[in-house]
>>> print(open('target07.cif').read())   # mmCIF, C-alpha atoms
data_coords
loop_
_atom_site.label_atom_id
_atom_site.label_comp_id
_atom_site.auth_asym_id
_atom_site.auth_seq_id
_atom_site.Cartn_x
_atom_site.Cartn_y
_atom_site.Cartn_z
CA MET A 790 -26.42 -12.57 -11.84
CA MET A 791 -27.22 -16.29 -12.00
CA LYS A 792 -25.51 -19.53 -11.11
CA ILE A 793 -24.24 -21.72 -13.92
CA GLY A 794 -26.66 -24.46 -12.90
CA GLU A 795 -29.60 -22.05 -13.02
CA VAL A 796 -28.66 -20.86 -16.49
CA LEU A 797 -28.27 -24.44 -17.71
CA ASN A 798 -31.61 -25.53 -16.27
CA TRP A 799 -33.40 -22.59 -17.89
CA ALA A 800 -31.72 -23.16 -21.24
CA SER A 801 -32.36 -26.91 -21.24
CA GLY A 802 -35.99 -26.43 -20.26
CA THR A 803 -36.54 -23.84 -22.96
CA LEU A 804 -35.08 -26.06 -25.65
CA SER A 805 -36.95 -29.12 -24.39
CA GLU A 806 -40.26 -27.23 -24.61
CA ALA A 807 -39.35 -26.37 -28.21
CA ASN A 808 -38.87 -30.09 -28.96
CA ILE A 809 -35.10 -29.88 -29.42
CA LEU A 810 -34.08 -33.51 -28.94
CA GLU A 811 -30.68 -33.02 -27.29
CA SER A 812 -31.67 -30.00 -25.22
CA ASP A 813 -29.31 -30.77 -22.31
CA ILE A 814 -26.26 -31.32 -24.53
CA GLU A 815 -26.90 -28.30 -26.72
CA SER A 816 -27.44 -26.05 -23.70
CA GLU A 817 -24.09 -27.15 -22.30
CA ILE A 818 -22.35 -26.57 -25.63
CA MET A 819 -23.68 -23.03 -25.90
CA LEU A 820 -22.77 -22.14 -22.33
CA GLN A 821 -19.30 -23.68 -22.73
CA LYS A 822 -18.83 -21.46 -25.76
CA GLU A 823 -19.99 -18.33 -23.93
CA LEU A 824 -17.79 -18.96 -20.87
CA ASN A 825 -14.86 -20.60 -22.71
CA LEU A 826 -15.00 -23.55 -20.32
CA SER A 827 -14.63 -27.28 -20.82
CA ARG A 828 -17.59 -29.51 -20.00
CA THR A 829 -15.81 -30.72 -16.87
CA ASP A 830 -15.13 -27.17 -15.64
CA LEU A 831 -18.72 -26.25 -16.38
CA HIS A 832 -20.01 -28.95 -14.02
CA LEU A 833 -17.34 -28.33 -11.38
CA ASN A 834 -18.59 -24.75 -11.20
CA PHE A 835 -22.28 -25.68 -11.31
CA ASN A 836 -23.08 -23.59 -8.21
CA LYS A 837 -20.85 -20.69 -9.10
CA VAL A 838 -22.41 -17.28 -9.69
CA ILE A 839 -21.29 -16.05 -13.09
CA SER A 840 -20.92 -12.60 -14.49
CA PHE A 841 -21.28 -12.52 -18.27
CA ASP A 842 -23.70 -11.37 -20.92
CA VAL A 843 -26.63 -13.61 -20.02
CA GLU A 844 -28.87 -11.77 -22.47
CA CYS A 845 -26.59 -12.72 -25.34
CA LEU A 846 -26.85 -16.39 -24.36
CA LYS A 847 -30.61 -16.09 -23.99
CA ARG A 848 -30.90 -14.70 -27.51
CA LYS A 849 -28.96 -17.67 -28.83
CA ILE A 850 -31.11 -20.11 -26.86
CA MET A 851 -34.24 -18.54 -28.33
CA MET A 852 -32.75 -18.80 -31.82
CA ARG A 853 -32.20 -22.51 -31.24
CA ALA A 854 -35.73 -22.83 -29.82
CA ASN A 855 -36.89 -21.52 -33.21
CA HIS A 856 -34.97 -24.45 -34.77
CA ILE A 857 -32.15 -22.45 -36.29
CA PRO A 858 -29.34 -25.04 -36.55
CA LEU A 859 -26.86 -24.96 -33.69
CA ALA A 860 -23.91 -24.72 -36.09
CA TYR A 861 -25.34 -21.54 -37.62
CA ILE A 862 -25.76 -20.04 -34.16
CA LEU A 863 -22.23 -20.90 -33.05
CA LYS A 864 -20.85 -20.03 -36.52
CA GLU A 865 -18.49 -23.00 -36.41
CA ILE A 866 -18.29 -26.77 -36.60
CA GLN A 867 -15.67 -29.51 -36.30
CA PHE A 868 -14.97 -31.69 -39.33
CA MET A 869 -12.15 -34.24 -39.66
CA ASP A 870 -10.62 -32.88 -36.42
CA PHE A 871 -10.35 -29.26 -37.55
CA GLY A 872 -12.58 -26.22 -37.31
CA LEU A 873 -14.71 -24.64 -40.04
CA SER A 874 -16.73 -21.46 -40.13
CA VAL A 875 -20.33 -22.09 -41.16
CA ASP A 876 -23.28 -19.87 -41.92
CA GLU A 877 -26.35 -19.74 -44.15
CA ARG A 878 -24.24 -19.39 -47.31
CA ALA A 879 -23.57 -23.14 -47.39
CA MET A 880 -24.90 -26.45 -46.12
CA ILE A 881 -23.64 -27.60 -42.73
CA PRO A 882 -21.12 -30.47 -43.13
CA ARG A 883 -22.34 -33.76 -41.68
CA GLN A 884 -20.12 -36.20 -39.84
CA GLU A 885 -21.10 -38.91 -42.33
CA THR A 886 -19.24 -37.03 -45.06
CA GLU A 887 -16.00 -37.86 -43.28
CA ILE A 888 -16.51 -41.39 -44.70
CA LEU A 889 -16.39 -39.86 -48.18
CA VAL A 890 -13.11 -38.09 -47.41
CA GLU A 891 -11.57 -41.20 -45.86
CA SER A 892 -12.63 -43.24 -48.90
CA VAL A 893 -10.83 -40.83 -51.21
CA MET A 894 -7.73 -40.87 -49.02
CA SER A 895 -7.59 -44.65 -49.31
CA ARG A 896 -7.16 -44.41 -53.10
CA VAL A 897 -4.83 -41.44 -53.58
CA ASN A 898 -1.47 -41.66 -55.31
CA SER A 899 1.60 -39.65 -54.33
CA ALA A 900 0.51 -36.33 -55.88
CA PRO A 901 -3.06 -36.56 -57.10
CA THR A 902 -5.10 -33.97 -58.93
CA ILE A 903 -8.54 -33.91 -57.31
CA LEU A 904 -11.79 -32.22 -58.30
CA ASP A 905 -14.37 -31.49 -55.57
CA ILE A 906 -17.75 -30.72 -57.16
CA GLY A 907 -20.17 -28.64 -55.09
CA THR A 908 -17.61 -27.75 -52.43
CA GLY A 909 -19.97 -25.68 -50.25
CA CYS A 910 -18.02 -24.44 -47.23
CA GLY A 911 -14.95 -26.29 -48.52
CA ASN A 912 -14.90 -29.11 -45.98
CA ILE A 913 -13.98 -31.88 -48.43
CA ALA A 914 -11.38 -29.90 -50.40
CA ILE A 915 -9.72 -28.55 -47.25
CA SER A 916 -9.65 -32.00 -45.64
CA LEU A 917 -7.89 -33.47 -48.66
CA ALA A 918 -5.45 -30.56 -48.82
CA LYS A 919 -4.58 -31.09 -45.15
CA TYR A 920 -4.28 -34.87 -45.18
CA VAL A 921 -2.96 -35.49 -48.70
CA PRO A 922 0.08 -33.18 -48.59
CA HIS A 923 1.04 -33.09 -52.29
CA SER A 924 -2.45 -33.01 -53.74
CA ARG A 925 -3.62 -30.31 -56.16
CA ILE A 926 -7.29 -29.59 -55.72
CA TYR A 927 -9.93 -27.83 -57.80
CA ALA A 928 -13.18 -27.05 -55.97
CA THR A 929 -16.26 -25.88 -57.84
CA ASP A 930 -19.59 -24.50 -56.70
CA ILE A 931 -22.44 -22.71 -58.43
CA SER A 932 -22.79 -20.37 -55.42
CA ASN A 933 -20.34 -17.47 -55.20
CA GLU A 934 -21.42 -16.95 -51.59
CA ALA A 935 -20.49 -20.51 -50.69
CA LEU A 936 -17.11 -20.06 -52.38
CA GLU A 937 -16.44 -16.94 -50.29
CA LEU A 938 -17.00 -19.04 -47.17
CA ALA A 939 -14.83 -21.87 -48.53
CA ARG A 940 -11.94 -19.49 -49.21
CA LYS A 941 -12.28 -18.10 -45.69
CA ASN A 942 -12.09 -21.62 -44.26
CA ALA A 943 -9.02 -22.44 -46.35
CA ARG A 944 -7.27 -19.34 -44.99
CA GLN A 945 -8.29 -20.17 -41.42
CA ASN A 946 -6.79 -23.62 -41.82
CA GLU A 947 -3.61 -22.19 -43.35
CA ILE A 948 -4.00 -23.93 -46.70
CA PRO A 949 -1.68 -22.23 -49.25
CA GLU A 950 -3.62 -20.62 -52.09
CA HIS A 951 -1.83 -22.70 -54.72
CA ARG A 952 -3.14 -25.94 -53.17
CA ILE A 953 -6.85 -25.30 -53.83
CA SER A 954 -8.41 -23.39 -56.72
CA PHE A 955 -11.98 -22.36 -55.88
CA LEU A 956 -13.95 -22.00 -59.12
CA ALA A 957 -17.45 -20.61 -59.68
CA GLY A 958 -19.79 -22.50 -61.97
CA ASP A 959 -22.14 -25.43 -62.40
CA LEU A 960 -20.50 -28.86 -62.03
CA PHE A 961 -17.72 -29.15 -64.66
CA GLU A 962 -18.38 -25.78 -66.30
CA PRO A 963 -15.43 -23.96 -64.64
CA LEU A 964 -12.94 -26.53 -65.99
CA LYS A 965 -13.70 -25.53 -69.56
CA GLU A 966 -11.75 -22.31 -69.00
CA LEU A 967 -8.72 -24.27 -67.84
CA ASP A 968 -6.63 -26.84 -69.66
CA PHE A 969 -9.02 -29.65 -68.77
CA SER A 970 -10.81 -29.67 -72.10
CA GLY A 971 -12.36 -33.01 -71.25
CA ARG A 972 -13.65 -33.47 -74.78
CA SER A 973 -10.96 -35.90 -75.82
CA ARG A 974 -9.86 -39.09 -74.11
CA LEU A 975 -6.39 -38.18 -75.39
CA CYS A 976 -6.24 -34.90 -73.45
CA LYS A 977 -2.94 -35.00 -71.54
CA ARG A 978 -4.14 -33.02 -68.53
CA LYS A 979 -6.56 -35.17 -66.61
CA ILE A 980 -7.90 -35.59 -63.10
CA ASP A 981 -7.04 -38.51 -60.82
CA ILE A 982 -10.09 -38.33 -58.56
CA ILE A 983 -13.47 -36.61 -58.72
CA VAL A 984 -15.36 -36.38 -55.45
CA SER A 985 -18.78 -34.93 -54.70
CA ASN A 986 -21.43 -34.78 -52.02
CA PRO A 987 -24.19 -33.58 -54.35
CA PRO A 988 -27.76 -32.50 -53.60
CA TYR A 989 -29.64 -35.79 -53.38
CA ILE A 990 -32.99 -35.14 -51.69
CA PRO A 991 -36.00 -35.53 -54.03
CA SER A 992 -37.67 -32.15 -54.53
CA GLY A 993 -41.01 -33.32 -53.20
CA GLU A 994 -39.52 -34.54 -49.92
CA ILE A 995 -37.77 -31.36 -48.84
CA GLU A 996 -40.84 -29.75 -47.26
CA ASN A 997 -41.23 -32.80 -44.98
CA LEU A 998 -37.70 -32.62 -43.56
CA GLN A 999 -37.01 -31.42 -40.03
CA ARG A 1000 -37.32 -27.69 -39.53
CA GLU A 1001 -33.58 -27.13 -39.11
CA VAL A 1002 -32.86 -28.25 -42.66
CA HIS A 1003 -35.03 -25.46 -44.10
CA PHE A 1004 -32.48 -22.87 -42.92
CA GLU A 1005 -29.86 -24.41 -45.23
CA PRO A 1006 -29.58 -23.41 -48.91
CA ARG A 1007 -32.15 -25.32 -50.94
CA ILE A 1008 -29.74 -25.44 -53.86
CA ALA A 1009 -27.45 -27.64 -51.74
CA LEU A 1010 -30.28 -30.07 -50.93
CA ASP A 1011 -32.56 -30.39 -53.97
CA GLY A 1012 -31.57 -33.34 -56.13
CA GLY A 1013 -34.43 -33.00 -58.61
CA PHE A 1014 -37.68 -34.94 -58.85
CA ASP A 1015 -36.10 -38.28 -57.87
CA GLY A 1016 -32.95 -37.06 -56.11
CA LEU A 1017 -30.70 -38.39 -58.89
CA GLU A 1018 -30.36 -35.38 -61.19
CA PHE A 1019 -26.80 -34.51 -60.16
CA TYR A 1020 -25.70 -38.14 -60.20
CA ARG A 1021 -26.84 -38.48 -63.81
CA ARG A 1022 -24.94 -35.39 -64.88
CA THR A 1023 -21.79 -36.15 -62.91
CA ILE A 1024 -21.60 -39.79 -63.98
CA SER A 1025 -22.18 -38.80 -67.62
CA GLU A 1026 -19.47 -36.12 -67.76
CA SER A 1027 -16.81 -37.31 -65.31
CA PRO A 1028 -15.13 -39.83 -67.70
CA LEU A 1029 -14.29 -36.90 -69.99
CA TYR A 1030 -12.09 -35.43 -67.25
CA LEU A 1031 -10.76 -38.48 -65.39
CA LYS A 1032 -7.52 -40.22 -66.25
CA ASN A 1033 -7.63 -43.83 -67.36
CA GLY A 1034 -8.07 -45.75 -64.14
CA GLY A 1035 -9.21 -42.61 -62.31
CA TYR A 1036 -11.86 -42.72 -59.60
CA LEU A 1037 -15.24 -41.10 -59.03
CA PHE A 1038 -16.46 -40.90 -55.40
CA LEU A 1039 -20.07 -39.94 -54.69
CA GLU A 1040 -21.81 -39.59 -51.35
CA ILE A 1041 -25.33 -41.00 -51.55
CA GLY A 1042 -28.58 -40.66 -49.70
CA PHE A 1043 -30.61 -43.39 -48.03
CA ASN A 1044 -31.47 -46.28 -50.38
CA GLN A 1045 -29.79 -44.65 -53.39
CA ALA A 1046 -26.84 -47.05 -53.74
CA GLU A 1047 -28.31 -49.43 -56.30
CA GLU A 1048 -29.84 -46.66 -58.40
CA VAL A 1049 -26.51 -44.83 -58.57
CA ARG A 1050 -24.64 -48.05 -59.38
CA THR A 1051 -27.13 -48.73 -62.16
CA LEU A 1052 -26.41 -45.31 -63.66
CA ILE A 1053 -22.70 -46.12 -63.53
CA SER A 1054 -23.14 -49.56 -65.09
CA LYS A 1055 -24.93 -48.00 -68.05
CA ASN A 1056 -21.92 -45.80 -68.76
CA ARG A 1057 -19.42 -47.89 -70.73
CA ASN A 1058 -16.49 -45.76 -69.58
CA PHE A 1059 -16.56 -47.33 -66.11
CA GLU A 1060 -15.23 -50.79 -65.41
CA GLU A 1061 -16.35 -51.27 -61.81
CA SER A 1062 -18.25 -49.71 -58.92
CA GLU A 1063 -18.43 -50.40 -55.21
CA VAL A 1064 -20.57 -49.31 -52.26
CA ILE A 1065 -18.84 -48.16 -49.07
CA LYS A 1066 -20.78 -48.24 -45.81
CA ASP A 1067 -20.50 -45.83 -42.89
CA TYR A 1068 -19.80 -46.88 -39.31
CA SER A 1069 -23.49 -47.63 -38.77
CA GLY A 1070 -23.55 -50.05 -41.68
CA ILE A 1071 -25.51 -47.68 -43.93
CA ASP A 1072 -24.58 -47.32 -47.61
CA ARG A 1073 -22.80 -43.96 -47.75
CA VAL A 1074 -20.44 -43.76 -50.73
CA VAL A 1075 -20.32 -45.18 -54.25
CA ARG A 1076 -16.86 -45.50 -55.77
CA ALA A 1077 -16.44 -46.06 -59.52
CA ARG A 1078 -13.31 -46.58 -61.62
CA VAL A 1079 -12.78 -45.45 -65.21
CA LYS A 1080 -11.56 -48.14 -67.60
CA THR A 1081 -7.86 -48.43 -68.25
CA ASP A 1082 -6.61 -48.76 -71.82
#
>>> encode(input="target07.cif", output="structure tokens")
Amino acid sequence: MMKIGEVLNWASGTLSEANILESDIESEIMLQKELNLSRTDLHLNFNKVISFDVECLKRKIMMRANHIPLAYILKEIQFMDFGLSVDERAMIPRQETEILVESVMSRVNSAPTILDIGTGCGNIAISLAKYVPHSRIYATDISNEALELARKNARQNEIPEHRISFLAGDLFEPLKELDFSGRSRLCKRKIDIIVSNPPYIPSGEIENLQREVHFEPRIALDGGFDGLEFYRRTISESPLYLKNGGYLFLEIGFNQAEEVRTLISKNRNFEESEVIKDYSGIDRVVRARVKTD
């Protein structure tokens, strides 16, 4: 048996040698999880001898030393103040995406119909279902495995099945089987808001990303040769499904704001666009509005 302090020192040293930047913090997080202790209790019992499955913790530390993302090891993450299950079936939600959700929430009406394209683990759709009580949400993804995870997360967060429809298919393809024909501007059934955090990394840059990212599904990262493939497609098709005056919200990558706004400006169905910054002052979201008649 070992003392808590001894376990922490070993874990932190192992991760530091593996060039994990926040080795001390991540070691604490993993030990807190194993012992079901708060950070304060962990340090108050620093010299306490503990009896638990040290080998299990060591295996997890070695996984992290091999740069498997911490969220995949813990199988969970916090997003918008609630918990989500995460694994290799979907990309790990980033805190920056909370700006996207908050931006949508600032423009909702009393009972909006919302489409979440590329829902992944369901973090955006579930957030909107929780915090926009009367919303009706459709969430699409090309990956059936990701949708299985999203449905699990919706159940875990007690979202009624009628609030979110999880649909398999590429971008708008699943809507063609519903009443959202989209092919006529006169179609009575339309969407108030379309939101997406699409793949936006240029294909040629993916190999140069940090090692952790390579454990995530490439399909959720690869935005084509210039990173704009999914923006082009979404901007082109979204006016067919949005109501007059409806909004399109897109999360963007670094230095993509002006390129995405240019794509929007070339589409005559939009009357305005705006860039929303995150809390660090970085361009994070582009919001566009469909023309009103």
>>> atom_distance(input="target07.cif", atom1="atom CA of A:His1003", atom2="atom CA of A:Pro988")
13.9 Å
>>> residues_around(input="target07.cif", residues="A:Ile913", least_positions_apart="5", cutoff="8 Å", atoms="only C-alpha atoms", output="list in words")
Val890, Asp905 and Thr908 of chain A
>>> write_last_selection(input="target07.cif", atoms="C-alpha atoms", output="JSON list (two decimals), in the coordinates of the input")
[["chain", "number", "residue", "atom", "x", "y", "z"],
["A", 890, "VAL", "CA", -13.11, -38.09, -47.41],
["A", 905, "ASP", "CA", -14.37, -31.49, -55.57],
["A", 908, "THR", "CA", -17.61, -27.75, -52.43]]
>>> atom_distance(input="target07.cif", atom1="atom CA of A:Gln999", atom2="atom CA of A:Val984")
27.0 Å
>>> atom_distance(input="target07.cif", atom1="atom CA of A:Phe955", atom2="atom CA of A:Thr929")
5.9 Å
>>> closest_residue(input="target07.cif", among="A:Arg1073, A:Lys847, A:Lys822, A:His923", to="A:Trp799", atoms="all atoms listed in the file")
A:Lys847
>>> closest_residue(input="target07.cif", among="A:Gln884, A:Ser801, A:Asn855, A:Ser992", to="A:Asp1067", atoms="all atoms listed in the file")
A:Gln884
>>> closest_residue(input="target07.cif", among="A:Glu844, A:Glu1040, A:Asp830, A:Glu947", to="A:Leu873", atoms="all atoms listed in the file")
A:Glu947
>>> residues_around(input="target07.cif", residues="A:Phe835", least_positions_apart="4", cutoff="9 Å", atoms="only C-alpha atoms", output="PDB file with C-alpha atoms, keeping the file's coordinate frame")
ATOM      1  CA  LYS A 792     -25.510 -19.530 -11.110  1.00  0.00           C
ATOM      2  CA  ILE A 793     -24.240 -21.720 -13.920  1.00  0.00           C
ATOM      3  CA  GLY A 794     -26.660 -24.460 -12.900  1.00  0.00           C
ATOM      4  CA  GLU A 795     -29.600 -22.050 -13.020  1.00  0.00           C
ATOM      5  CA  LEU A 797     -28.270 -24.440 -17.710  1.00  0.00           C
ATOM      6  CA  ASP A 830     -15.130 -27.170 -15.640  1.00  0.00           C
ATOM      7  CA  LEU A 831     -18.720 -26.250 -16.380  1.00  0.00           C
TER       8      LEU A 831
END
